Structure formats: C-alpha cells, structure tokens
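**Q** So here's protein_17.cif, just mmCIF, C-alpha atoms:
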```
data_upload
#
loop_
_atom_site.group_PDB
_atom_site.id
_atom_site.type_symbol
_atom_site.label_atom_id
_atom_site.label_comp_id
_atom_site.auth_asym_id
_atom_site.auth_seq_id
_atom_site.Cartn_x
_atom_site.Cartn_y
_atom_site.Cartn_z
ATOM 1 C CA MET A 18 126.291 112.876 114.729
ATOM 2 C CA SER A 19 126.177 115.238 111.777
ATOM 3 C CA THR A 20 122.703 116.232 110.790
ATOM 4 C CA GLY A 21 120.978 117.339 107.628
ATOM 5 C CA LEU A 22 117.563 118.807 106.956
ATOM 6 C CA TYR A 23 114.902 116.658 105.381
ATOM 7 C CA LEU A 24 112.535 118.742 103.246
ATOM 8 C CA TYR A 25 108.900 117.626 103.009
ATOM 9 C CA ALA A 26 107.066 120.381 101.203
ATOM 10 C CA LEU A 27 107.081 124.022 100.212
ATOM 11 C CA THR A 28 104.249 126.097 101.562
ATOM 12 C CA ARG A 29 103.159 129.606 102.445
ATOM 13 C CA GLY A 30 100.950 131.244 105.033
ATOM 14 C CA LEU A 31 101.398 128.410 107.526
ATOM 15 C CA SER A 32 101.741 129.538 111.131
ATOM 16 C CA PRO A 33 104.839 127.941 112.699
ATOM 17 C CA ALA A 34 102.673 127.294 115.769
ATOM 18 C CA LEU A 35 100.717 124.720 113.742
ATOM 19 C CA LEU A 36 103.815 122.549 113.569
ATOM 20 C CA GLU A 37 104.404 122.575 117.310
ATOM 21 C CA GLY A 38 104.486 119.100 118.787
ATOM 22 C CA ARG A 39 104.428 117.533 115.306
ATOM 23 C CA THR A 40 107.150 115.221 114.142
ATOM 24 C CA GLY A 41 108.487 113.895 110.879
ATOM 25 C CA VAL A 42 110.885 111.151 109.861
ATOM 26 C CA ALA A 43 112.320 109.256 112.859
ATOM 27 C CA GLY A 44 110.202 111.296 115.257
ATOM 28 C CA ALA A 45 112.223 114.504 114.792
ATOM 29 C CA PRO A 46 110.297 117.753 115.401
ATOM 30 C CA LEU A 47 109.084 119.686 112.369
ATOM 31 C CA ARG A 48 109.911 123.314 111.800
ATOM 32 C CA LEU A 49 109.631 125.995 109.138
ATOM 33 C CA ILE A 50 112.415 127.787 107.330
ATOM 34 C CA GLU A 51 111.087 130.908 105.658
ATOM 35 C CA ASN A 52 112.257 133.307 103.033
ATOM 36 C CA GLU A 53 110.151 136.089 101.528
ATOM 37 C CA GLY A 54 106.858 134.426 102.316
ATOM 38 C CA LEU A 55 107.890 131.033 100.958
ATOM 39 C CA ALA A 56 108.449 128.359 103.582
ATOM 40 C CA ALA A 57 110.061 124.936 103.693
ATOM 41 C CA VAL A 58 108.808 122.316 106.147
ATOM 42 C CA VAL A 59 111.838 120.433 107.464
ATOM 43 C CA SER A 60 113.073 118.190 110.232
ATOM 44 C CA GLU A 61 116.570 117.126 111.216
ATOM 45 C CA VAL A 62 117.893 113.788 110.041
ATOM 46 C CA ASP A 63 121.056 111.868 110.720
ATOM 47 C CA LEU A 64 123.418 112.080 107.767
ATOM 48 C CA GLU A 65 124.656 108.583 108.497
ATOM 49 C CA GLU A 66 121.212 107.515 107.407
ATOM 50 C CA PHE A 67 120.330 110.245 104.901
ATOM 51 C CA GLY A 68 123.717 111.115 103.413
ATOM 52 C CA GLU A 69 124.515 109.890 99.938
ATOM 53 C CA ASP A 70 125.942 106.561 101.055
ATOM 54 C CA GLY A 71 123.249 106.009 103.630
ATOM 55 C CA LEU A 72 120.494 106.767 101.130
ATOM 56 C CA LYS A 73 121.899 104.390 98.542
ATOM 57 C CA ARG A 74 121.895 101.661 101.131
ATOM 58 C CA ASN A 75 118.584 102.507 102.763
ATOM 59 C CA LEU A 76 116.509 103.089 99.635
ATOM 60 C CA GLU A 77 116.772 99.387 99.005
ATOM 61 C CA ASP A 78 115.535 98.500 102.442
ATOM 62 C CA LEU A 79 111.792 98.211 102.097
ATOM 63 C CA ALA A 80 111.015 98.658 105.795
ATOM 64 C CA TRP A 81 113.135 101.826 105.917
ATOM 65 C CA LEU A 82 111.624 103.154 102.725
ATOM 66 C CA GLU A 83 108.093 102.472 103.886
ATOM 67 C CA ALA A 84 108.708 104.258 107.197
ATOM 68 C CA VAL A 85 110.184 107.316 105.462
ATOM 69 C CA ALA A 86 107.568 107.444 102.695
ATOM 70 C CA THR A 87 104.752 107.093 105.213
ATOM 71 C CA ALA A 88 106.162 109.873 107.402
ATOM 72 C CA HIS A 89 106.681 112.036 104.317
ATOM 73 C CA ASP A 90 103.052 111.509 103.290
ATOM 74 C CA ARG A 91 101.730 112.133 106.802
ATOM 75 C CA VAL A 92 103.633 115.411 107.191
ATOM 76 C CA THR A 93 102.634 116.544 103.712
ATOM 77 C CA ARG A 94 98.962 115.852 104.451
ATOM 78 C CA GLU A 95 99.155 117.674 107.772
ATOM 79 C CA VAL A 96 100.587 120.721 106.047
ATOM 80 C CA ALA A 97 98.324 120.496 102.982
ATOM 81 C CA GLU A 98 95.205 120.478 105.132
ATOM 82 C CA ARG A 99 96.199 123.868 106.544
ATOM 83 C CA ALA A 100 97.935 125.670 103.693
ATOM 84 C CA PRO A 101 98.811 125.126 100.044
ATOM 85 C CA ALA A 102 101.654 122.610 99.993
ATOM 86 C CA ALA A 103 103.918 121.513 97.184
ATOM 87 C CA PRO A 104 105.366 118.161 98.215
ATOM 88 C CA VAL A 105 108.922 117.456 97.152
ATOM 89 C CA ARG A 106 110.510 114.213 96.146
ATOM 90 C CA LEU A 107 111.352 111.629 98.765
ATOM 91 C CA ALA A 108 114.663 112.114 100.570
ATOM 92 C CA THR A 109 115.413 115.687 99.501
ATOM 93 C CA VAL A 110 118.109 116.575 102.022
ATOM 94 C CA PHE A 111 119.918 119.841 102.717
ATOM 95 C CA LEU A 112 122.987 120.494 104.806
ATOM 96 C CA SER A 113 122.054 123.753 106.533
ATOM 97 C CA ASP A 114 119.330 126.339 107.151
ATOM 98 C CA ALA A 115 121.303 128.784 105.038
ATOM 99 C CA SER A 116 121.301 126.392 102.116
ATOM 100 C CA VAL A 117 117.526 125.864 102.351
ATOM 101 C CA ARG A 118 117.053 129.638 102.497
ATOM 102 C CA GLU A 119 119.215 130.176 99.422
ATOM 103 C CA SER A 120 117.200 127.591 97.548
ATOM 104 C CA LEU A 121 113.941 129.203 98.663
ATOM 105 C CA ALA A 122 115.184 132.478 97.213
ATOM 106 C CA ARG A 123 116.162 130.779 93.968
ATOM 107 C CA TRP A 124 112.831 128.931 93.632
ATOM 108 C CA HIS A 125 110.691 131.797 94.846
ATOM 109 C CA ASP A 126 108.790 132.798 91.712
ATOM 110 C CA ARG A 127 108.362 129.303 90.349
ATOM 111 C CA ALA A 128 107.276 127.978 93.737
ATOM 112 C CA GLU A 129 104.703 130.767 94.087
ATOM 113 C CA ARG A 130 103.256 129.867 90.689
ATOM 114 C CA THR A 131 103.153 126.195 91.649
ATOM 115 C CA LEU A 132 101.414 127.007 94.948
ATOM 116 C CA ASP A 133 98.912 129.220 93.087
ATOM 117 C CA ARG A 134 98.138 126.314 90.807
ATOM 118 C CA ILE A 135 97.569 123.718 93.532
ATOM 119 C CA GLU A 136 95.875 125.880 96.156
ATOM 120 C CA GLY A 137 92.426 124.523 97.003
ATOM 121 C CA ARG A 138 93.018 121.470 94.835
ATOM 122 C CA GLY A 139 93.766 117.845 95.519
ATOM 123 C CA GLU A 140 95.141 114.893 93.606
ATOM 124 C CA TRP A 141 92.765 112.076 92.685
ATOM 125 C CA SER A 142 93.726 108.719 91.263
ATOM 126 C CA VAL A 143 91.551 106.910 88.736
ATOM 127 C CA LYS A 144 92.604 103.387 87.905
ATOM 128 C CA VAL A 145 90.823 101.227 85.390
ATOM 129 C CA TYR A 146 91.172 97.464 85.218
ATOM 130 C CA SER A 147 90.112 95.173 82.456
ATOM 131 C CA ASP A 148 89.527 91.581 83.416
ATOM 132 C CA PRO A 149 89.552 89.255 80.404
ATOM 133 C CA SER A 150 87.509 86.668 82.289
ATOM 134 C CA THR A 151 84.567 89.076 82.604
ATOM 135 C CA ARG A 152 84.773 90.274 79.020
ATOM 136 C CA GLY A 153 81.518 89.656 77.148
ATOM 137 C CA ALA A 154 80.851 86.163 75.845
ATOM 138 C CA ALA A 155 80.389 87.733 72.412
ATOM 139 C CA SER A 156 84.124 87.904 71.944
ATOM 140 C CA SER A 157 84.682 84.273 72.748
ATOM 141 C CA GLU A 158 82.916 82.703 69.778
ATOM 142 C CA GLU A 159 85.171 80.394 67.895
ATOM 143 C CA PRO A 160 85.018 79.276 64.320
ATOM 144 C CA ALA A 161 83.297 75.914 64.075
ATOM 145 C CA ASP A 162 85.556 73.048 63.155
ATOM 146 C CA ASP A 163 85.323 72.118 59.542
ATOM 147 C CA PRO A 164 85.312 68.322 59.436
ATOM 148 C CA GLY A 165 87.136 68.372 56.099
ATOM 149 C CA MET A 166 89.996 70.347 57.506
ATOM 150 C CA GLY A 167 93.161 68.738 58.788
ATOM 151 C CA ALA A 168 93.721 68.892 62.540
ATOM 152 C CA GLY A 169 96.924 70.898 62.168
ATOM 153 C CA ARG A 170 95.294 73.533 59.997
ATOM 154 C CA ALA A 171 92.253 73.751 62.286
ATOM 155 C CA TYR A 172 94.577 74.281 65.229
ATOM 156 C CA LEU A 173 96.458 77.039 63.458
ATOM 157 C CA LEU A 174 93.237 78.791 62.472
ATOM 158 C CA LYS A 175 92.020 78.630 66.048
ATOM 159 C CA ARG A 176 95.296 79.985 67.322
ATOM 160 C CA ARG A 177 95.188 82.817 64.835
ATOM 161 C CA ALA A 178 91.591 83.670 65.732
ATOM 162 C CA ALA A 179 92.479 83.686 69.430
ATOM 163 C CA THR A 180 95.415 85.999 68.812
ATOM 164 C CA GLN A 181 93.233 88.323 66.768
ATOM 165 C CA ARG A 182 90.581 88.430 69.470
ATOM 166 C CA LYS A 183 93.228 89.223 72.058
ATOM 167 C CA GLU A 184 94.673 91.996 69.934
ATOM 168 C CA ALA A 185 91.225 93.436 69.247
ATOM 169 C CA ALA A 186 90.438 93.355 72.973
ATOM 170 C CA ALA A 187 93.715 95.081 73.839
ATOM 171 C CA GLN A 188 93.056 97.712 71.185
ATOM 172 C CA GLU A 189 89.545 98.267 72.517
ATOM 173 C CA ASP A 190 90.890 98.551 76.075
ATOM 174 C CA ALA A 191 93.471 101.112 74.988
ATOM 175 C CA GLU A 192 90.798 103.211 73.294
ATOM 176 C CA THR A 193 88.438 102.980 76.253
ATOM 177 C CA ALA A 194 91.245 103.941 78.655
ATOM 178 C CA GLU A 195 92.008 107.000 76.545
ATOM 179 C CA GLN A 196 88.315 107.959 76.447
ATOM 180 C CA ILE A 197 87.957 107.614 80.215
ATOM 181 C CA HIS A 198 91.123 109.621 80.774
ATOM 182 C CA ALA A 199 89.884 112.382 78.451
ATOM 183 C CA ALA A 200 86.446 112.437 80.089
ATOM 184 C CA VAL A 201 87.654 112.801 83.674
ATOM 185 C CA GLU A 202 90.461 115.156 82.663
ATOM 186 C CA LYS A 203 87.788 117.598 81.474
ATOM 187 C CA LEU A 204 86.668 117.991 85.079
ATOM 188 C CA ALA A 205 90.215 118.400 86.352
ATOM 189 C CA VAL A 206 92.675 121.264 86.271
ATOM 190 C CA ALA A 207 95.297 118.873 84.942
ATOM 191 C CA GLY A 208 95.710 115.164 84.364
ATOM 192 C CA ARG A 209 98.512 112.728 83.746
ATOM 193 C CA ARG A 210 98.733 109.101 82.826
ATOM 194 C CA LEU A 211 101.255 107.229 84.946
ATOM 195 C CA ALA A 212 102.686 103.898 83.909
ATOM 196 C CA PRO A 213 100.326 101.037 84.774
ATOM 197 C CA GLN A 214 101.432 99.359 87.968
ATOM 198 C CA ASP A 215 102.882 95.904 88.071
ATOM 199 C CA ARG A 216 100.465 93.274 89.254
ATOM 200 C CA ARG A 217 103.257 91.823 91.377
ATOM 201 C CA LEU A 218 103.359 95.043 93.386
ATOM 202 C CA THR A 219 99.653 95.617 93.764
ATOM 203 C CA GLY A 220 98.229 92.127 93.583
ATOM 204 C CA HIS A 221 95.404 93.400 91.374
ATOM 205 C CA VAL A 222 93.268 91.135 89.226
ATOM 206 C CA GLY A 223 93.128 91.748 85.484
ATOM 207 C CA GLU A 224 95.020 94.328 83.469
ATOM 208 C CA MET A 225 95.514 97.899 84.680
ATOM 209 C CA ILE A 226 94.639 99.788 81.514
ATOM 210 C CA LEU A 227 94.645 103.254 83.062
ATOM 211 C CA ASN A 228 96.674 104.648 85.958
ATOM 212 C CA GLY A 229 95.511 108.229 85.712
ATOM 213 C CA THR A 230 96.046 111.004 88.204
ATOM 214 C CA TYR A 231 94.205 114.300 88.275
ATOM 215 C CA LEU A 232 94.424 117.663 89.981
ATOM 216 C CA VAL A 233 90.860 118.527 90.945
ATOM 217 C CA ASP A 234 89.528 121.749 92.385
ATOM 218 C CA ARG A 235 87.602 121.339 95.637
ATOM 219 C CA ASP A 236 84.563 122.882 93.965
ATOM 220 C CA ASP A 237 84.637 120.296 91.180
ATOM 221 C CA VAL A 238 85.097 117.197 93.329
ATOM 222 C CA ALA A 239 81.401 116.262 93.343
ATOM 223 C CA ALA A 240 81.172 116.562 89.560
ATOM 224 C CA PHE A 241 84.430 114.633 89.155
ATOM 225 C CA LYS A 242 83.117 111.786 91.311
ATOM 226 C CA ALA A 243 79.806 111.794 89.458
ATOM 227 C CA GLU A 244 81.642 111.494 86.145
ATOM 228 C CA VAL A 245 83.656 108.539 87.435
ATOM 229 C CA ASP A 246 80.402 106.910 88.562
ATOM 230 C CA ARG A 247 78.848 107.541 85.163
ATOM 231 C CA LEU A 248 81.844 106.003 83.373
ATOM 232 C CA ALA A 249 81.777 102.997 85.693
ATOM 233 C CA ASP A 250 78.112 102.430 84.775
ATOM 234 C CA LEU A 251 78.827 102.948 81.096
ATOM 235 C CA HIS A 252 81.675 100.406 81.037
ATOM 236 C CA ASP A 253 80.349 97.758 83.345
ATOM 237 C CA HIS A 254 82.867 95.146 82.187
ATOM 238 C CA LEU A 255 85.653 97.329 83.596
ATOM 239 C CA ARG A 256 86.568 97.994 87.211
ATOM 240 C CA ILE A 257 87.229 101.609 88.085
ATOM 241 C CA GLU A 258 88.989 102.596 91.287
ATOM 242 C CA LEU A 259 88.839 106.150 92.554
ATOM 243 C CA ALA A 260 91.116 107.320 95.371
ATOM 244 C CA GLY A 261 91.850 110.678 96.931
ATOM 245 C CA PRO A 262 92.075 113.419 97.769
ATOM 246 C CA TRP A 263 95.837 113.254 98.152
ATOM 247 C CA PRO A 264 98.397 116.030 98.398
ATOM 248 C CA PRO A 265 99.231 117.116 94.843
ATOM 249 C CA TYR A 266 102.296 114.889 94.490
ATOM 250 C CA SER A 267 102.051 114.645 90.712
ATOM 251 C CA PHE A 268 101.362 118.300 90.091
ATOM 252 C CA ALA A 269 103.901 120.124 92.202
ATOM 253 C CA SER A 270 106.884 120.259 89.892
ATOM 254 C CA LEU A 271 108.487 123.650 89.535
ATOM 255 C CA GLU A 272 108.223 124.665 85.935
ATOM 256 C CA THR A 273 111.465 125.864 84.502
ATOM 257 C CA SER A 274 109.976 128.542 82.279
ATOM 258 C CA MET B 21 87.741 125.360 84.729
ATOM 259 C CA THR B 22 83.998 125.093 84.955
ATOM 260 C CA THR B 23 81.911 122.009 84.657
ATOM 261 C CA GLY B 24 78.577 123.424 83.633
ATOM 262 C CA GLN B 25 77.069 121.112 86.212
ATOM 263 C CA VAL B 26 75.518 121.937 89.498
ATOM 264 C CA ALA B 27 77.843 120.214 91.901
ATOM 265 C CA ARG B 28 75.764 118.073 94.168
ATOM 266 C CA PRO B 29 76.625 118.834 97.761
ATOM 267 C CA SER B 30 78.766 115.878 98.733
ATOM 268 C CA ALA B 31 79.684 115.110 102.290
ATOM 269 C CA GLY B 32 82.405 117.499 103.331
ATOM 270 C CA SER B 33 83.587 118.202 99.802
ATOM 271 C CA ALA B 34 84.820 121.591 100.924
ATOM 272 C CA ASN B 35 87.016 120.173 103.641
ATOM 273 C CA GLU B 36 87.425 116.575 102.716
ATOM 274 C CA PRO B 37 90.315 115.236 104.785
ATOM 275 C CA LEU B 38 93.292 114.111 102.750
ATOM 276 C CA GLN B 39 93.558 110.360 102.541
ATOM 277 C CA GLN B 40 96.581 108.232 103.241
ATOM 278 C CA VAL B 41 98.228 107.118 100.024
ATOM 279 C CA ALA B 42 98.893 103.418 99.500
ATOM 280 C CA LEU B 43 102.616 102.629 99.471
ATOM 281 C CA VAL B 44 102.773 101.621 95.812
ATOM 282 C CA ASP B 45 100.987 104.800 94.725
ATOM 283 C CA LEU B 46 103.141 106.863 97.035
ATOM 284 C CA LEU B 47 106.387 105.448 95.680
ATOM 285 C CA ASP B 48 105.099 105.937 92.133
ATOM 286 C CA ARG B 49 104.838 109.607 92.957
ATOM 287 C CA LEU B 50 107.603 110.231 95.474
ATOM 288 C CA LEU B 51 110.250 108.512 93.393
ATOM 289 C CA GLY B 52 108.829 109.506 90.037
ATOM 290 C CA ALA B 53 110.147 112.457 88.123
ATOM 291 C CA GLY B 54 107.145 114.676 88.757
ATOM 292 C CA VAL B 55 108.116 116.278 92.039
ATOM 293 C CA VAL B 56 111.686 117.286 91.756
ATOM 294 C CA ILE B 57 113.620 119.813 93.733
ATOM 295 C CA SER B 58 117.332 119.366 94.060
ATOM 296 C CA GLY B 59 118.549 119.126 97.591
ATOM 297 C CA ASP B 60 122.192 119.447 98.540
ATOM 298 C CA LEU B 61 122.512 115.719 98.297
ATOM 299 C CA VAL B 62 121.374 114.716 94.894
ATOM 300 C CA ILE B 63 120.569 111.225 93.895
ATOM 301 C CA SER B 64 120.835 111.460 90.159
ATOM 302 C CA LEU B 65 117.668 110.721 88.225
ATOM 303 C CA ALA B 66 119.362 107.754 86.650
ATOM 304 C CA GLY B 67 120.232 106.589 90.145
ATOM 305 C CA VAL B 68 116.641 106.903 91.211
ATOM 306 C CA ASP B 69 115.479 104.908 88.242
ATOM 307 C CA LEU B 70 117.905 102.209 89.207
ATOM 308 C CA VAL B 71 116.760 102.316 92.783
ATOM 309 C CA GLN B 72 113.199 102.055 91.606
ATOM 310 C CA ILE B 73 113.855 99.028 89.501
ATOM 311 C CA ARG B 74 115.667 97.243 92.295
ATOM 312 C CA LEU B 75 112.954 98.350 94.625
ATOM 313 C CA HIS B 76 110.209 96.933 92.494
ATOM 314 C CA ALA B 77 112.013 93.644 92.433
ATOM 315 C CA LEU B 78 112.312 93.861 96.196
ATOM 316 C CA ILE B 79 108.677 94.688 96.753
ATOM 317 C CA ALA B 80 107.720 91.919 94.380
ATOM 318 C CA SER B 81 109.752 89.410 96.346
ATOM 319 C CA VAL B 82 108.286 90.661 99.599
ATOM 320 C CA ARG B 83 104.802 90.352 98.170
ATOM 321 C CA ALA B 84 105.555 86.886 96.975
ATOM 322 C CA GLU B 85 106.447 85.945 100.528
ATOM 323 C CA MET B 86 103.349 87.619 101.893
ATOM 324 C CA VAL B 87 100.945 86.242 99.329
ATOM 325 C CA PRO B 88 101.851 82.693 98.482
ATOM 326 C CA ARG B 89 100.235 81.636 95.248
#
```
Using structure tokens, write down the structure that the file contains.

**A**
Amino acid sequence: MSTGLYLYALTRGLSPALLEGRTGVAGAPLRLIENEGLAAVVSEVDLEEFGEDGLKRNLEDLAWLEAVATAHDRVTREVAERAPAAPVRLATVFLSDASVRESLARWHDRAERTLDRIEGRGEWSVKVYSDPSTRGAASSEEPADDPGMGAGRAYLLKRRAATQRKEAAAQEDAETAEQIHAAVEKLAVAGRRLAPQDRRLTGHVGEMILNGTYLVDRDDVAAFKAEVDRLADLHDHLRIELAGPWPPYSFASLETS
Amino acid sequence: MTTGQVARPSAGSANEPLQQVALVDLLDRLLGAGVVISGDLVISLAGVDLVQIRLHALIASVRAEMVPR
C-alpha cells in the first residue's frame, strides 16, 4: 500500500523517546520529524483511506470520523501535556518526510510565534444556554382581555405582545451573552465566539446563546473559573457550562503576517 | 495579562490534565477554519464546509436514531 504521513501537531522541545510505544490513527506508531528545533508529530496512514478520494468518502462516515478525531485529540493531548503543541486541522496529510521538513522550514518563524503564544496555556469552553421556560414570570404577563374588544382584535394584540416579548428576550439574551463573553475574555489571553451549536447535534435544552472559547494561562485558570462561577450566580436564569482545559485548537493558527 | 486577583490555589491548576473534548466540540474546532496548515493533500476550505454541512446532517440523523423523541 502507498502511505502518507498524518500530521497531528507542531511542537518543540519534545524528546522523541516520549513518543515511544505511543500510537495514533489506526494504531500506527507516532514519530517526530524535526527541522531547526520545530517538530511535527506524525504517523503513517494508508493513502487508500487518507488520499483525496478516500478522505472525501470517509469524512462522511461518522464512525470513521469519530475514530480519527478521537485519535487526533488523544495524540494532541499527549503531546500538549509534555511540550507546547499547536494542533493542526483534522486529516492534514503529507506524502513524504522531505515534504514535511520543507513545510517545517517554511512555517518556522510563524510556528515559533504560535508556540510562544500557546505555551503554558489551555483552551477553555464557556457555553451559555437560555431556557425560555425558566425565564422569569415577570415577562409572561399578558394584557387583560378587554370585554369590549372583538375576539379577532384581542387575538392579534396578544400575538403582537407575545412576539414583542420574544424579541425583547432574544435581545436581552444577546446582550447578556456579549457581556459574559467580554467578562471572561478579560481573564483570557484571547477569546473567540464560535457559532452556537445545533440542538440536533448536542441535544441541549434551551437556546445556546454563547459558544465561547478562550485561551487561558495556567496561572489565571483559578481566576477564570471564579469569574465563570460569579457570572453563573449573577445570571441564575441562565445555564453556564465550563469545559477544559483542552489543547489550544482554536488558537493555533499560523498568522500570515 | 494580569488579573489583579490572588488566584486561589485550585486543585492541580499548575498541571491540570487536559480533558477529552466532546465530539461535537472537537469537530467544531478540527474542521473549523481556525487551525489550518496545508498538507500535501488539500481539501479545499469550500470542500470542508460542504463536508461539514453534510456531516451535521449525518450526525443529526444518527442522533435522531439514538434519541427517539
């Protein structure tokens, strides 16, 4: 079979011995390819599976995707616990050691800057959910029926009031989400708002009003968590979910400047 | 960045083990545009978007099977 090299993460200062006995996608052994102090963590993959045609086919196979994504995450965590690691996108495949080395040379300066930025830091996810059913009773008051009013007009007024309440609630949620994002971002090195996730994927209850992700220094983790706790107490009609630390998936892009 | 707060010593904050990422969150990040290095085999960004959309539909249908409502 022809093989390619699956790239998990860029790193530096990792002893190759630490990868001994460790495996990646499909159980293939991990190894390092180094160039001028910058290293790529790779393992061999079958190009039938990971070539362009194979990828197109396999990326739509949920079981395959889950296995690869899970292995990718596991390897990245193993590396990130021992050295700064910039994870790369899923299914980044090279054809030869020489090609990886050339790319390492090309990325060198940008990768070093990225590794400087994420060293000693982890990614934390803060999700905020608004559940209309637990929203305060204050917002559910309805105009009393006026006996002199026709049924059709009363209905329309009620409908309009309901729409206005819904819009006001959505507006309030949007503002609160922005405030929470701004507050936790202050304790982070960087923050990003990702698109809210689809309820059909997550099965969550209510509306995800914030899907925020933050790069937090190890030394600031306690303060970051305390701030999330404080915000959860402050907005007790909202549900706040904190998760992490994760490898810095959202903060490892190589800047082009 | 400084916080101006005395960080309370939290259990293992210095060496907190990295946590496994839930699949949905992982795919958000691994297929998103944030972490991009071009390999020799490039799935174009547009291609990835397409994959993602189809994927979401797929995950949704799988979920629907798993969680009958």

**Q** May I ask for the distance between CA of Ser116 (chain A) and CA of Glu136 (chain A), given in Å to one decimal place?

**A**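 A separation of 26.1 Å between them.
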
**Q** If the PyMOL selection byres ((chain A and resi 265) around 9) were run on this exact file, what residues would it hold? Put them as a count of residues only.

**A** 18

**Q** For the atom pair CA of Val145 (chain A) and CA of Asp48 (chain B), what is the interatomic distance in Å to one decimal place?

**A**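 Interatomic distance, CA of Val145 (chain A) to CA of Asp48 (chain B): 16.5 Å.
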
**Q** May I ask you to extract the residues of chain A within 6 Å of chain B, using all atoms listed in the file, and to give them as number ranges by chain?

**A** A: 77, 105-107, 109-111, 217-218, 235, 239-240, 261-263, 267, 269-270

**Q** Starting from 4 Å padding per side, set up an axis-aligned box that covers all listed atoms of region 258-267 of chain A and hand over centre and edge lengths in Å, one decimal, as JSON.

**A**
```
{"center_x": 95.6, "center_y": 109.9, "center_z": 94.6, "size_x": 21.5, "size_y": 22.5, "size_z": 15.7}
```

**Q** For CA of Val42 (chain A) and CA of Val85 (chain A), quote the distance in Å rounded to one decimal.

**A**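 Rounded to one decimal, the two atoms are 5.9 Å apart.
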
**Q** Please identify all polymer residues within 7 Å of region 178-195 of chain A, counting all atoms listed in the file, omitting same-chain residues fewer than 4 positions from it, and present them as a PyMOL selection string.

**A** chain A and resi 156+174+199+226-227

**Q** Considering all atoms listed in the file, can you say which of A:Asp114, A:Glu53, A:Asp234, A:Glu224 comes closest to Lys144 (chain A)?

**A**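 So, comparing all the options, the nearest one is A:Glu224.
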
**Q** I'd like to see the residues matched by the PyMOL selection byres ((chain A and resi 81) around 12) on this file, and ideally I'd get them as a ChimeraX atom specification.

**A** /A:42-43,66-67,71-80,82-88,108 /B:75

**Q** Kindly indicate which residue among A:Val201, A:Leu255, A:Leu27, A:Val238 lies nearest to Val222 (chain A), using all atoms listed in the file for the distances.

**A** A:Leu255

**Q** Tell me, as a ChimeraX atom specification, which residues lie within 8 Å of Ser19 (chain A), counting all atoms listed in the file; anything in the same chain fewer than 2 positions away does not count.

**A** /A:21,63-65

**Q** As a ChimeraX atom specification, please: the residues near Pro101 (chain A) (cut-off 12 Å, only C-alpha atoms, same-chain neighbours under 6 positions excluded).

**A** /A:26-31,55-57,93-95,128-139,264-265,269

**Q** Take the residues that were just selected and, keeping C-alpha atoms, output them as an mmCIF file, in the frame of the given file.

**A**
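And here's out.cif as it stands now:
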```cif
data_model
loop_
_atom_site.group_PDB
_atom_site.id
_atom_site.type_symbol
_atom_site.label_atom_id
_atom_site.label_comp_id
_atom_site.auth_asym_id
_atom_site.auth_seq_id
_atom_site.Cartn_x
_atom_site.Cartn_y
_atom_site.Cartn_z
ATOM 1 C CA ALA A 26 107.066 120.381 101.203
ATOM 2 C CA LEU A 27 107.081 124.022 100.212
ATOM 3 C CA THR A 28 104.249 126.097 101.562
ATOM 4 C CA ARG A 29 103.159 129.606 102.445
ATOM 5 C CA GLY A 30 100.950 131.244 105.033
ATOM 6 C CA LEU A 31 101.398 128.410 107.526
ATOM 7 C CA LEU A 55 107.890 131.033 100.958
ATOM 8 C CA ALA A 56 108.449 128.359 103.582
ATOM 9 C CA ALA A 57 110.061 124.936 103.693
ATOM 10 C CA THR A 93 102.634 116.544 103.712
ATOM 11 C CA ARG A 94 98.962 115.852 104.451
ATOM 12 C CA GLU A 95 99.155 117.674 107.772
ATOM 13 C CA ALA A 128 107.276 127.978 93.737
ATOM 14 C CA GLU A 129 104.703 130.767 94.087
ATOM 15 C CA ARG A 130 103.256 129.867 90.689
ATOM 16 C CA THR A 131 103.153 126.195 91.649
ATOM 17 C CA LEU A 132 101.414 127.007 94.948
ATOM 18 C CA ASP A 133 98.912 129.220 93.087
ATOM 19 C CA ARG A 134 98.138 126.314 90.807
ATOM 20 C CA ILE A 135 97.569 123.718 93.532
ATOM 21 C CA GLU A 136 95.875 125.880 96.156
ATOM 22 C CA GLY A 137 92.426 124.523 97.003
ATOM 23 C CA ARG A 138 93.018 121.470 94.835
ATOM 24 C CA GLY A 139 93.766 117.845 95.519
ATOM 25 C CA PRO A 264 98.397 116.030 98.398
ATOM 26 C CA PRO A 265 99.231 117.116 94.843
ATOM 27 C CA ALA A 269 103.901 120.124 92.202
#
```

**Q** Once the PyMOL selection byres ((chain A and resi 200) around 12) is applied to the coordinates I shared, what remains selected? I want it as a list in words.

**A**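 Evaluating the PyMOL selection byres ((chain A and resi 200) around 12) on these coordinates yields Val143, Thr193, Ala194, Glu195, Gln196, Ile197, His198, Ala199, Val201, Glu202, Lys203, Leu204, Ala205, Ala207, Gly208, Gly229, Tyr231, Ala240, Phe241, Lys242, Ala243, Glu244, Val245, Asp246, Arg247, Leu248 and Ala249 of chain A; Thr23 of chain B.
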
**Q** Select, counting all atoms listed in the file, all protein, DNA and RNA residues no farther than 9 Å from (103.1, 100.8, 83.8) in file coordinates, and express the selection as an MDAnalysis selection string.

**A** chainID A and resid 211:215 225:228

**Q** Looking at A:Ile257, A:Ile50, A:Val206, A:Leu121, which one is nearest to Leu271 (chain A), with distances taken over all atoms listed in the file?

**A**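 Residue with the minimum atom-to-atom distance to Leu271 (chain A): A:Leu121.
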